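Just start-v4.txt here, compact mmCIF, C-alpha atoms:
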```txt
# COMPACT_ATOMS: atom_id res chain seq x y z
CA MET A 453 122.97 102.93 113.48
CA LYS A 454 124.87 99.76 112.61
CA GLU A 455 127.17 98.77 109.76
CA HIS A 456 125.86 96.13 107.34
CA GLN A 457 127.03 94.37 104.21
CA GLU A 458 124.86 93.47 101.22
CA GLY A 459 126.24 92.36 97.88
CA ARG A 460 129.51 94.26 97.43
CA ALA A 461 128.37 97.22 99.52
CA ILE A 462 129.27 98.16 103.09
CA PHE A 463 126.90 100.69 104.62
CA LYS A 464 125.36 102.11 107.79
CA ALA A 465 121.60 102.13 108.43
CA ASN A 466 118.88 101.46 110.99
CA LEU A 467 117.85 97.82 110.71
CA SER A 468 114.11 97.36 110.28
CA GLY A 469 112.34 94.04 109.85
CA LYS A 470 113.48 90.46 110.40
CA ASP A 471 114.22 89.20 106.88
CA LYS A 472 110.54 89.12 105.91
CA GLY A 473 107.66 91.59 105.60
CA PRO A 474 107.80 95.36 105.15
CA GLY A 475 109.36 96.15 108.52
CA LYS A 476 108.85 99.53 110.16
CA ALA A 477 110.01 102.86 108.78
CA LYS A 478 112.36 104.43 111.31
CA GLY A 479 115.58 106.42 111.11
CA VAL A 480 117.60 105.63 108.00
CA PHE A 481 115.48 102.69 106.91
CA TYR A 482 117.07 99.39 105.86
CA ASN A 483 114.95 96.26 105.44
CA PRO A 484 116.98 93.07 104.87
CA ALA A 485 113.84 91.39 103.48
CA MET A 486 114.36 93.49 100.35
CA GLU A 487 117.83 92.10 99.64
CA MET A 488 116.43 89.70 97.04
CA SER A 489 114.70 92.67 95.39
CA ARG A 490 118.01 94.46 95.11
CA ASP A 491 119.74 91.28 93.87
CA LEU A 492 117.12 91.10 91.12
CA HIS A 493 117.51 94.80 90.33
CA VAL A 494 121.27 94.44 89.86
CA ALA A 495 120.78 91.46 87.54
CA PHE A 496 118.06 93.24 85.57
CA ALA A 497 120.13 96.44 85.29
CA LYS A 498 122.83 94.49 83.47
CA GLU A 499 120.30 93.00 81.03
CA LEU A 500 118.51 96.32 80.43
CA GLU A 501 121.83 97.96 79.51
CA ILE A 502 120.84 101.17 81.29
CA GLU A 503 122.79 104.22 80.12
CA GLY A 504 122.89 107.83 81.28
CA ILE A 505 122.10 109.03 84.80
CA VAL A 506 120.02 107.00 87.24
CA LEU A 507 118.13 108.48 90.20
CA ASP A 508 117.64 106.54 93.43
CA GLY A 509 114.60 108.63 94.24
CA LEU A 510 113.76 107.60 97.82
CA ALA A 511 117.24 106.54 98.76
CA ALA A 512 117.21 106.16 102.60
CA SER A 513 120.63 104.55 103.28
CA GLY A 514 121.42 104.55 99.56
CA ILE A 515 121.99 100.80 99.49
CA ARG A 516 120.07 100.21 96.23
CA GLY A 517 121.91 102.92 94.33
CA ILE A 518 125.28 101.99 95.82
CA ARG A 519 124.87 98.38 94.74
CA LEU A 520 123.84 99.49 91.24
CA ILE A 521 127.06 101.52 91.04
CA LEU A 522 129.34 98.80 92.42
CA GLU A 523 127.76 95.74 90.77
CA ALA A 524 126.16 97.04 87.56
CA GLY A 525 128.44 99.99 86.78
CA LEU A 526 125.64 102.57 86.69
CA ASN A 527 125.92 106.33 87.18
CA VAL A 528 123.55 106.92 90.12
CA GLU A 529 122.46 110.07 91.94
CA PHE A 530 120.57 110.02 95.24
CA CYS A 531 117.61 111.89 96.69
CA ASP A 532 115.88 111.86 100.08
CA THR A 533 113.87 114.40 102.06
CA SER A 534 115.58 113.41 105.32
CA THR A 535 118.77 115.29 106.22
CA LEU A 536 119.78 112.34 108.41
CA ALA A 537 119.39 110.07 105.38
CA THR A 538 121.37 112.26 103.00
CA ASN A 539 124.18 112.64 105.56
CA THR A 540 124.21 108.86 105.95
CA ILE A 541 124.26 108.36 102.17
CA ALA A 542 127.30 110.63 101.99
CA GLU A 543 129.04 108.55 104.66
CA ASN A 544 128.07 105.31 102.90
CA LEU A 545 129.42 106.57 99.59
CA LYS A 546 132.77 107.28 101.28
CA LEU A 547 132.77 103.80 102.84
CA ASN A 548 132.55 102.35 99.32
CA GLY A 549 134.94 104.78 97.62
CA ILE A 550 132.19 106.40 95.53
CA GLU A 551 131.65 110.02 94.53
CA SER A 552 128.13 111.06 93.52
CA THR A 553 125.51 113.79 93.81
CA ILE A 554 123.02 113.76 96.69
CA TYR A 555 119.85 115.88 96.86
CA ASN A 556 118.16 116.69 100.17
CA LYS A 557 114.66 117.52 98.95
CA PRO A 558 111.37 115.87 97.95
CA VAL A 559 111.87 113.73 94.85
CA GLU A 560 108.82 115.37 93.24
CA GLU A 561 110.55 118.76 93.55
CA LEU A 562 113.82 117.46 92.11
CA LEU A 563 112.00 115.95 89.12
CA GLN A 564 110.50 119.32 88.28
CA GLU A 565 114.04 120.66 87.92
CA LYS A 566 115.88 117.78 86.28
CA LYS A 567 115.19 114.77 84.06
CA TYR A 568 116.81 111.35 84.23
CA ASP A 569 117.43 108.38 81.95
CA CYS A 570 116.36 105.98 84.68
CA ILE A 571 114.46 106.56 87.92
CA ASP A 572 113.85 104.16 90.77
CA ILE A 573 111.01 104.65 93.24
CA ASP A 574 111.09 102.31 96.24
CA PRO A 575 108.82 103.81 98.91
CA PHE A 576 107.67 102.48 102.25
CA GLY A 577 104.10 101.61 101.20
CA THR A 578 102.34 102.91 98.11
CA PRO A 579 104.19 104.41 95.13
CA ALA A 580 101.02 106.18 93.91
CA PRO A 581 101.97 109.71 95.11
CA PHE A 582 105.26 109.57 93.21
CA LEU A 583 104.20 108.10 89.85
CA GLU A 584 103.22 111.30 88.05
CA ALA A 585 106.44 113.10 88.98
CA ALA A 586 108.53 110.08 88.05
CA LEU A 587 106.96 109.72 84.60
CA LYS A 588 107.36 113.44 83.91
CA GLY A 589 110.95 113.29 85.13
CA LEU A 590 112.02 110.62 82.62
CA ASN A 591 113.78 111.35 79.37
CA ASP A 592 112.27 109.73 76.25
CA ASN A 593 112.90 105.97 76.28
CA GLY A 594 113.89 106.26 79.92
CA ILE A 595 113.28 103.39 82.33
CA LEU A 596 111.22 103.64 85.50
CA GLY A 597 111.47 101.05 88.26
CA VAL A 598 108.75 101.06 90.92
CA SER A 599 108.19 98.98 94.06
CA ALA A 600 104.88 98.69 95.90
CA THR A 601 104.44 97.20 99.36
CA ASP A 602 100.78 98.20 99.66
CA THR A 603 99.88 94.68 98.58
CA ALA A 604 96.80 94.52 100.82
CA VAL A 605 95.40 97.31 98.65
CA LEU A 606 96.53 96.00 95.27
CA CYS A 607 95.76 92.34 95.97
CA GLY A 608 92.15 92.39 97.09
CA ALA A 609 92.12 92.96 100.86
CA LYS A 610 91.18 96.65 100.67
CA PRO A 611 89.17 97.12 97.46
CA SER A 612 87.76 100.57 98.27
CA ILE A 613 91.25 101.97 98.84
CA CYS A 614 92.47 100.34 95.62
CA MET A 615 89.71 102.07 93.68
CA LYS A 616 90.50 105.41 95.31
CA ARG A 617 94.27 105.08 94.94
CA TYR A 618 94.61 103.27 91.60
CA GLY A 619 91.18 103.59 89.99
CA ALA A 620 90.65 99.85 89.63
CA ASN A 621 89.00 96.78 91.15
CA SER A 622 91.49 94.34 92.66
CA MET A 623 91.05 90.58 92.98
CA LYS A 624 91.76 88.02 95.68
CA LYS A 625 93.06 84.44 95.53
CA VAL A 626 95.75 82.98 93.32
CA ALA A 627 95.87 85.70 90.64
CA ALA A 628 95.87 88.58 93.15
CA LYS A 629 99.52 89.62 92.81
CA GLU A 630 99.56 89.47 89.02
CA ILE A 631 96.35 91.51 88.90
CA GLY A 632 97.96 93.95 91.35
CA ILE A 633 100.89 94.39 88.95
CA ARG A 634 98.51 94.95 86.05
CA ILE A 635 96.58 97.55 88.08
CA MET A 636 99.83 99.43 88.77
CA LEU A 637 100.60 99.35 85.05
CA SER A 638 97.12 100.62 84.17
CA LYS A 639 97.63 103.58 86.49
CA MET A 640 101.02 104.34 84.96
CA HIS A 641 99.64 103.93 81.43
CA SER A 642 96.83 106.40 82.13
CA MET A 643 99.21 108.93 83.67
CA ALA A 644 101.63 108.59 80.76
CA SER A 645 98.78 109.11 78.28
CA GLU A 646 97.89 112.37 80.01
CA ILE A 647 101.36 113.75 79.19
CA GLY A 648 101.30 112.41 75.63
CA LYS A 649 103.45 109.34 76.33
CA GLY A 650 103.08 105.58 76.62
CA ILE A 651 104.68 102.80 78.62
CA GLN A 652 106.20 99.46 77.68
CA PRO A 653 106.48 96.94 80.54
CA LEU A 654 109.88 95.27 80.50
CA LEU A 655 110.06 93.12 83.61
CA CYS A 656 107.31 92.86 86.22
CA TYR A 657 107.09 90.44 89.12
CA SER A 658 106.24 89.85 92.76
CA GLU A 659 108.82 88.81 95.32
CA GLY A 660 108.30 88.44 99.04
CA HIS A 661 106.01 91.17 100.33
CA HIS A 662 106.30 93.55 97.38
CA LEU A 663 105.38 94.04 93.74
CA ARG A 664 107.84 95.52 91.25
CA VAL A 665 107.64 96.85 87.71
CA PHE A 666 110.21 98.13 85.22
CA VAL A 667 108.74 100.08 82.31
CA LYS A 668 110.12 102.10 79.42
CA LEU A 669 108.65 105.52 78.59
CA THR A 670 107.63 105.44 74.92
CA LYS A 671 105.63 107.38 72.39
CA LYS A 672 101.91 107.46 73.14
CA ASN A 673 100.28 104.16 72.22
CA ASN A 674 96.77 102.84 71.72
CA VAL A 675 96.85 100.12 74.35
CA GLU A 676 93.35 99.51 75.70
CA LEU A 677 92.78 98.75 79.36
CA LYS A 678 90.36 95.87 79.94
CA TRP A 679 89.04 93.61 82.71
CA ILE A 680 89.66 90.02 83.69
CA ASN A 681 86.84 87.97 85.18
CA THR A 682 86.96 85.17 87.75
CA ASP A 683 87.28 82.60 84.94
CA MET A 684 90.46 84.41 83.82
CA GLU A 685 88.76 85.63 80.64
CA ILE A 686 89.58 89.06 79.26
CA VAL A 687 86.41 91.15 78.95
CA GLU A 688 85.87 94.54 77.36
CA GLU A 689 83.59 95.91 80.06
CA GLU A 690 83.34 95.64 83.82
CA GLU A 691 81.34 92.73 85.21
CA TYR A 692 80.68 91.40 88.69
CA GLY A 693 83.85 90.14 90.39
CA ALA A 694 86.14 91.19 87.53
CA GLY A 695 89.44 92.96 88.14
CA GLY A 696 90.28 96.13 86.28
CA PRO A 697 90.54 98.21 84.31
CA LEU A 698 94.02 96.81 83.91
CA TRP A 699 96.92 96.27 81.55
CA VAL A 700 96.29 92.97 79.71
CA ASP A 701 99.24 93.00 77.29
CA LYS A 702 102.64 91.41 78.03
CA ILE A 703 104.32 92.28 81.31
CA ILE A 704 107.56 90.31 80.86
CA GLU A 705 109.93 90.62 77.90
CA LYS A 706 111.44 87.15 77.77
CA GLU A 707 114.67 88.24 76.11
CA LEU A 708 115.39 90.57 79.04
CA VAL A 709 115.13 87.86 81.70
CA PRO A 710 118.68 87.13 82.94
CA SER A 711 120.14 83.67 82.43
CA ASN A 712 123.20 81.81 83.70
CA TYR A 713 122.27 82.32 87.36
CA GLU A 714 122.13 79.54 89.93
CA GLY A 715 120.31 78.97 93.23
CA LYS A 716 117.35 81.08 94.27
CA LEU A 717 117.94 83.74 91.61
CA GLY A 718 118.35 81.13 88.89
CA LYS A 719 115.08 79.41 89.80
CA PHE A 720 113.27 82.74 89.90
CA PHE A 721 114.53 83.73 86.45
CA GLU A 722 113.70 80.31 85.03
CA THR A 723 110.07 80.58 86.14
CA LEU A 724 109.84 84.20 84.99
CA SER A 725 111.09 83.21 81.55
CA GLU A 726 108.71 80.25 81.29
CA GLU A 727 105.60 82.35 81.96
CA ALA A 728 106.67 85.41 79.93
CA ASN A 729 104.60 84.59 76.84
CA GLY A 730 101.58 83.23 78.67
CA PRO A 731 98.10 84.78 78.84
CA PRO A 732 97.00 87.08 81.67
CA GLY A 733 95.70 85.44 84.85
CA LEU A 734 96.33 82.26 86.83
CA TYR A 735 94.42 79.10 87.67
CA ASP A 736 94.64 77.57 91.15
CA ILE A 737 95.79 73.94 90.98
CA ASN A 738 93.59 73.09 93.99
CA ASP A 739 90.56 74.53 92.18
CA ILE A 740 91.40 72.48 89.09
CA ALA A 741 91.59 69.34 91.27
CA ARG A 742 88.29 70.13 92.97
CA ILE A 743 86.50 70.62 89.65
CA ALA A 744 88.02 67.36 88.38
CA GLU A 745 86.75 65.65 91.53
CA ILE A 746 90.04 63.98 92.30
CA GLY A 747 91.61 63.53 95.72
CA GLN A 748 95.04 64.95 96.46
CA THR A 749 96.22 67.67 94.10
CA PRO A 750 99.17 66.51 91.95
CA GLN A 751 102.40 68.47 91.93
CA ARG A 752 102.24 71.67 89.90
CA ASN A 753 105.10 70.69 87.61
CA LYS A 754 103.30 67.46 86.69
CA ILE A 755 100.12 69.36 85.78
CA VAL A 756 102.14 71.79 83.66
CA LYS A 757 103.86 68.87 81.92
CA CYS A 758 100.53 67.25 81.06
CA LEU A 759 99.02 70.50 79.79
CA LYS A 760 102.00 70.93 77.46
CA GLU A 761 101.66 67.33 76.23
CA LEU A 762 98.03 68.12 75.36
CA GLY A 763 99.30 70.95 73.14
CA HIS A 764 98.63 74.00 75.35
CA PHE A 765 100.80 76.77 76.69
CA ALA A 766 101.41 76.09 80.37
CA SER A 767 103.84 77.27 83.02
CA SER A 768 104.33 77.77 86.73
CA SER A 769 104.31 81.37 87.98
CA ILE A 770 106.36 83.59 90.25
CA PHE A 771 103.07 85.25 91.30
CA SER A 772 101.80 82.24 93.29
CA PRO A 773 103.10 78.81 94.32
CA LEU A 774 99.62 77.42 93.54
CA GLY A 775 99.19 79.19 90.21
CA ILE A 776 99.33 77.85 86.67
CA LYS A 777 99.34 80.01 83.57
CA THR A 778 97.75 78.26 80.60
CA THR A 779 95.68 78.68 77.46
CA ALA A 780 93.83 75.40 78.13
CA SER A 781 90.04 75.34 78.55
CA LYS A 782 88.35 74.01 81.70
CA ILE A 783 87.80 70.64 80.00
CA GLU A 784 91.45 70.42 78.99
CA ARG A 785 92.65 71.51 82.46
CA THR A 786 90.52 68.74 83.96
CA LYS A 787 91.94 66.21 81.51
CA ALA A 788 95.49 67.32 82.30
CA ILE A 789 95.15 67.07 86.07
CA LYS A 790 93.70 63.56 85.79
CA LEU A 791 96.69 62.59 83.64
CA ALA A 792 99.02 64.19 86.18
CA GLN A 793 97.45 62.15 88.95
CA SER A 794 98.71 58.98 87.31
CA LEU A 795 102.32 60.15 86.97
```

Same coordinates, now as structure tokens:
Amino acid sequence: MKEHQEGRAIFKANLSGKDKGPGKAKGVFYNPAMEMSRDLHVAFAKELEIEGIVLDGLAASGIRGIRLILEAGLNVEFCDTSTLATNTIAENLKLNGIESTIYNKPVEELLQEKKYDCIDIDPFGTPAPFLEAALKGLNDNGILGVSATDTAVLCGAKPSICMKRYGANSMKKVAAKEIGIRIMLSKMHSMASEIGKGIQPLLCYSEGHHLRVFVKLTKKNNVELKWINTDMEIVEEEEYGAGGPLWVDKIIEKELVPSNYEGKLGKFFETLSEEANGPPGLYDINDIARIAEIGQTPQRNKIVKCLKELGHFASSSIFSPLGIKTTASKIERTKAIKLAQSL
């Protein structure tokens, strides 16, 4: 087990992965490819103004919770089923001059005994087995953060498993990750409804090899789950090739997107803010070019600019480097890309 540094934290863990992909779960798991995820979490935690007690529910080395304590000033407790992990968390807390509570038990068991104001679930793979316990373990208006690295399931590569695990049809191609997020939200919405509660998505995104959602537990609401077809139209009932049932309301609260950041984080937040008020779904810029029967596809930012000049909502997207979010019709998208070609 080696010593690492991330953000303001110094900690010991077993390195897994090579700065990309999910890595392999072994020992006290630490994947450097998730550093950006934790950078985002720290920034979001400051914007969300989280109060009360936070649970790092599948803590491993404890790096996420430790960074939230050091960099966002949160009151975090830790839980892991592995005795090796909880002993390592204790050592890592000492390394950073932190005192906190650590539970060596399944997070589902802990959440039957105690409720939290904020819970974070960051598993190796699917979060599905932990969602019910996490929702039940939240106080009213509490915030739940969930990561999913089972993107092959949520993003169209394993549709039968997606149906079994999440109760929904996934989609491939450019909109796959956004649809995957909306499928996760539909599962959480349905589970919350069963306990007389609702959810409000706050900040949802994809980054690297994982999907992530932050939701608030609210009073039960009347949000209807719907489908989205291959033309990115919202439909009330299932049809061939459509994704769903899924959450079709907003998934990003623009006012909660951090600002005043530079570099990679700043660019990420800028794009997230731009697409926050857009419609569900994405259009592939290469598909738009093919339909328009033009040669080389223009740069995405030029297409977005032309769509806006034609009076439509348009933005890039953090869900795909080839994706555009817009309210424009097929005719208007064709017109815009031809204009962009001349820029």

Pick from A:Phe576, A:Phe666, A:Phe481, A:Tyr713: nearest to Lys464 of chain A, with only C-alpha atoms counted?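 Looking at the shortest contact to Lys464 of chain A, the residue is A:Phe481.
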
Atom CA of Leu492 of chain A to atom CA of Gly696 of chain A, straight-line distance in Å: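 Interatomic distance here is 27.7 Å.
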
Write out as a tab-separated table (two decimals) with C-alpha atoms, in the frame of the given file the residues lying within 12 Å of Gly509 of chain A, counting all atoms listed in the file and excluding same-chain residues fewer than 4 positions away.
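Contents of around_33.tsv, freshly written:
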```
chain	number	residue	atom	x	y	z
A	513	SER	CA	120.63	104.55	103.28
A	514	GLY	CA	121.42	104.55	99.56
A	515	ILE	CA	121.99	100.80	99.49
A	516	ARG	CA	120.07	100.21	96.23
A	517	GLY	CA	121.91	102.92	94.33
A	528	VAL	CA	123.55	106.92	90.12
A	529	GLU	CA	122.46	110.07	91.94
A	530	PHE	CA	120.57	110.02	95.24
A	531	CYS	CA	117.61	111.89	96.69
A	532	ASP	CA	115.88	111.86	100.08
A	533	THR	CA	113.87	114.40	102.06
A	538	THR	CA	121.37	112.26	103.00
A	554	ILE	CA	123.02	113.76	96.69
A	555	TYR	CA	119.85	115.88	96.86
A	556	ASN	CA	118.16	116.69	100.17
A	557	LYS	CA	114.66	117.52	98.95
A	558	PRO	CA	111.37	115.87	97.95
A	559	VAL	CA	111.87	113.73	94.85
A	560	GLU	CA	108.82	115.37	93.24
A	561	GLU	CA	110.55	118.76	93.55
A	562	LEU	CA	113.82	117.46	92.11
A	563	LEU	CA	112.00	115.95	89.12
A	567	LYS	CA	115.19	114.77	84.06
A	568	TYR	CA	116.81	111.35	84.23
A	570	CYS	CA	116.36	105.98	84.68
A	571	ILE	CA	114.46	106.56	87.92
A	572	ASP	CA	113.85	104.16	90.77
A	573	ILE	CA	111.01	104.65	93.24
A	574	ASP	CA	111.09	102.31	96.24
A	575	PRO	CA	108.82	103.81	98.91
A	579	PRO	CA	104.19	104.41	95.13
A	582	PHE	CA	105.26	109.57	93.21
A	583	LEU	CA	104.20	108.10	89.85
A	585	ALA	CA	106.44	113.10	88.98
A	586	ALA	CA	108.53	110.08	88.05
A	589	GLY	CA	110.95	113.29	85.13
A	596	LEU	CA	111.22	103.64	85.50
A	597	GLY	CA	111.47	101.05	88.26
A	598	VAL	CA	108.75	101.06	90.92
A	599	SER	CA	108.19	98.98	94.06
```

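Between atom CA of Lys760 of chain A and atom CA of Glu726 of chain A the interatomic distance comes to 12.1 Å.
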
Selected residue of minimal separation from Thr682 of chain A among A:Tyr482, A:Phe463, A:Trp699, A:Tyr735, counting only C-alpha atoms: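 Ranking A:Tyr482, A:Phe463, A:Trp699, A:Tyr735 by distance to Thr682 of chain A, first place goes to A:Tyr735.
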
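By chain and then residue number, the residues within 9 Å of Val665 of chain A are Leu596, Gly597, Val598, Ser599, Ala600, Ile633, Met636, Leu637, Pro653, Leu654, Leu655, Cys656, Tyr657, Ser658 and Ile703 of chain A, counting only C-alpha atoms and disregarding those fewer than 3 positions away in sequence.
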
Output for the residues just chosen: C-alpha atoms as a PDB file, in the coordinates of the input:
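Ended up saving to result-v1.pdb:
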```pdb
ATOM      1  CA  LEU A 596     111.220 103.640  85.500  1.00  0.00           C
ATOM      2  CA  GLY A 597     111.470 101.050  88.260  1.00  0.00           C
ATOM      3  CA  VAL A 598     108.750 101.060  90.920  1.00  0.00           C
ATOM      4  CA  SER A 599     108.190  98.980  94.060  1.00  0.00           C
ATOM      5  CA  ALA A 600     104.880  98.690  95.900  1.00  0.00           C
ATOM      6  CA  ILE A 633     100.890  94.390  88.950  1.00  0.00           C
ATOM      7  CA  MET A 636      99.830  99.430  88.770  1.00  0.00           C
ATOM      8  CA  LEU A 637     100.600  99.350  85.050  1.00  0.00           C
ATOM      9  CA  PRO A 653     106.480  96.940  80.540  1.00  0.00           C
ATOM     10  CA  LEU A 654     109.880  95.270  80.500  1.00  0.00           C
ATOM     11  CA  LEU A 655     110.060  93.120  83.610  1.00  0.00           C
ATOM     12  CA  CYS A 656     107.310  92.860  86.220  1.00  0.00           C
ATOM     13  CA  TYR A 657     107.090  90.440  89.120  1.00  0.00           C
ATOM     14  CA  SER A 658     106.240  89.850  92.760  1.00  0.00           C
ATOM     15  CA  ILE A 703     104.320  92.280  81.310  1.00  0.00           C
TER      16      ILE A 703
END
```

Up to 12 Å from (129.6, 95.4, 96.6) in the file's coordinates: name the residues, counting all atoms listed in the file, as JSON, numbers by chain. {"A": [456, 457, 458, 459, 460, 461, 462, 463, 490, 491, 494, 515, 516, 517, 518, 519, 520, 521, 522, 523, 524, 525, 544, 545, 547, 548, 549, 550]}

Could those selected residues go to a file with C-alpha atoms, as a tab-separated table (two decimals), in the coordinates of the input?
```
chain	number	residue	atom	x	y	z
A	456	HIS	CA	125.86	96.13	107.34
A	457	GLN	CA	127.03	94.37	104.21
A	458	GLU	CA	124.86	93.47	101.22
A	459	GLY	CA	126.24	92.36	97.88
A	460	ARG	CA	129.51	94.26	97.43
A	461	ALA	CA	128.37	97.22	99.52
A	462	ILE	CA	129.27	98.16	103.09
A	463	PHE	CA	126.90	100.69	104.62
A	490	ARG	CA	118.01	94.46	95.11
A	491	ASP	CA	119.74	91.28	93.87
A	494	VAL	CA	121.27	94.44	89.86
A	515	ILE	CA	121.99	100.80	99.49
A	516	ARG	CA	120.07	100.21	96.23
A	517	GLY	CA	121.91	102.92	94.33
A	518	ILE	CA	125.28	101.99	95.82
A	519	ARG	CA	124.87	98.38	94.74
A	520	LEU	CA	123.84	99.49	91.24
A	521	ILE	CA	127.06	101.52	91.04
A	522	LEU	CA	129.34	98.80	92.42
A	523	GLU	CA	127.76	95.74	90.77
A	524	ALA	CA	126.16	97.04	87.56
A	525	GLY	CA	128.44	99.99	86.78
A	544	ASN	CA	128.07	105.31	102.90
A	545	LEU	CA	129.42	106.57	99.59
A	547	LEU	CA	132.77	103.80	102.84
A	548	ASN	CA	132.55	102.35	99.32
A	549	GLY	CA	134.94	104.78	97.62
A	550	ILE	CA	132.19	106.40	95.53
```

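A straight line drawn from atom CA of Tyr618 of chain A to atom CA of Asp736 of chain A is 25.7 Å long.
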
For Val667 of chain A, which residue among A:Glu646, A:Glu584, A:Glu685, A:Glu705 is the nearest when counting all atoms listed in the file? A:Glu705

For Leu734 of chain A, which residue out of A:Lys668, A:Lys678, A:Lys625, A:Lys777 is the nearest one, using all atoms listed in the file?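 Nearest to Leu734 of chain A: A:Lys777.
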
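Proximity to Gly619 of chain A was assessed for A:Glu503, A:Leu677, A:Asp592, A:Pro697 counting all atoms listed in the file; the smallest distance is recorded for A:Pro697.
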
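Taking all atoms listed in the file into account, the polymer residues that have an atom no farther than 6 Å from (111.4, 91.1, 100.8) are Lys472, Ala485, Met486, Gly660 and His661 of chain A.
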
Residue nearest Glu761 of chain A among A:Ala744, A:Ile680, A:Ala728, A:Ala792 (counting only C-alpha atoms):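 When distances to Glu761 of chain A are compared using only C-alpha atoms, the smallest one comes from A:Ala792.
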
Centre and edge lengths, as JSON, for the axis-aligned box enclosing every listed atom of segment 717-730 of chain A with 8 Å of padding on each of the six sides, in Å to one decimal?
```
{"center_x": 110.0, "center_y": 82.4, "center_z": 84.2, "size_x": 32.8, "size_y": 22.0, "size_z": 30.8}
```

Do you know which residues are at most 10 Å from Thr670 of chain A counting only C-alpha atoms, after dropping those on the same chain fewer than 4 positions away, and could you put them as an mmCIF file with C-alpha atoms, keeping the file's coordinate frame?
```
data_model
loop_
_atom_site.group_PDB
_atom_site.id
_atom_site.type_symbol
_atom_site.label_atom_id
_atom_site.label_comp_id
_atom_site.auth_asym_id
_atom_site.auth_seq_id
_atom_site.Cartn_x
_atom_site.Cartn_y
_atom_site.Cartn_z
ATOM 1 C CA ASN A 591 113.780 111.350 79.370
ATOM 2 C CA ASP A 592 112.270 109.730 76.250
ATOM 3 C CA ASN A 593 112.900 105.970 76.280
ATOM 4 C CA GLY A 594 113.890 106.260 79.920
ATOM 5 C CA ILE A 595 113.280 103.390 82.330
ATOM 6 C CA ALA A 644 101.630 108.590 80.760
ATOM 7 C CA GLY A 648 101.300 112.410 75.630
ATOM 8 C CA LYS A 649 103.450 109.340 76.330
ATOM 9 C CA GLY A 650 103.080 105.580 76.620
ATOM 10 C CA ILE A 651 104.680 102.800 78.620
ATOM 11 C CA GLN A 652 106.200 99.460 77.680
#
```

Excluding segment 779-782 of chain A and its own-chain neighbours fewer than 5 positions away, which residues fall within 9 Å of it when counting only C-alpha atoms? Please give them as a list in words. Gly730, Pro731, Ile740, Ile743, Leu759, Leu762, Gly763, His764, Phe765, Ala766 and Lys787 of chain A
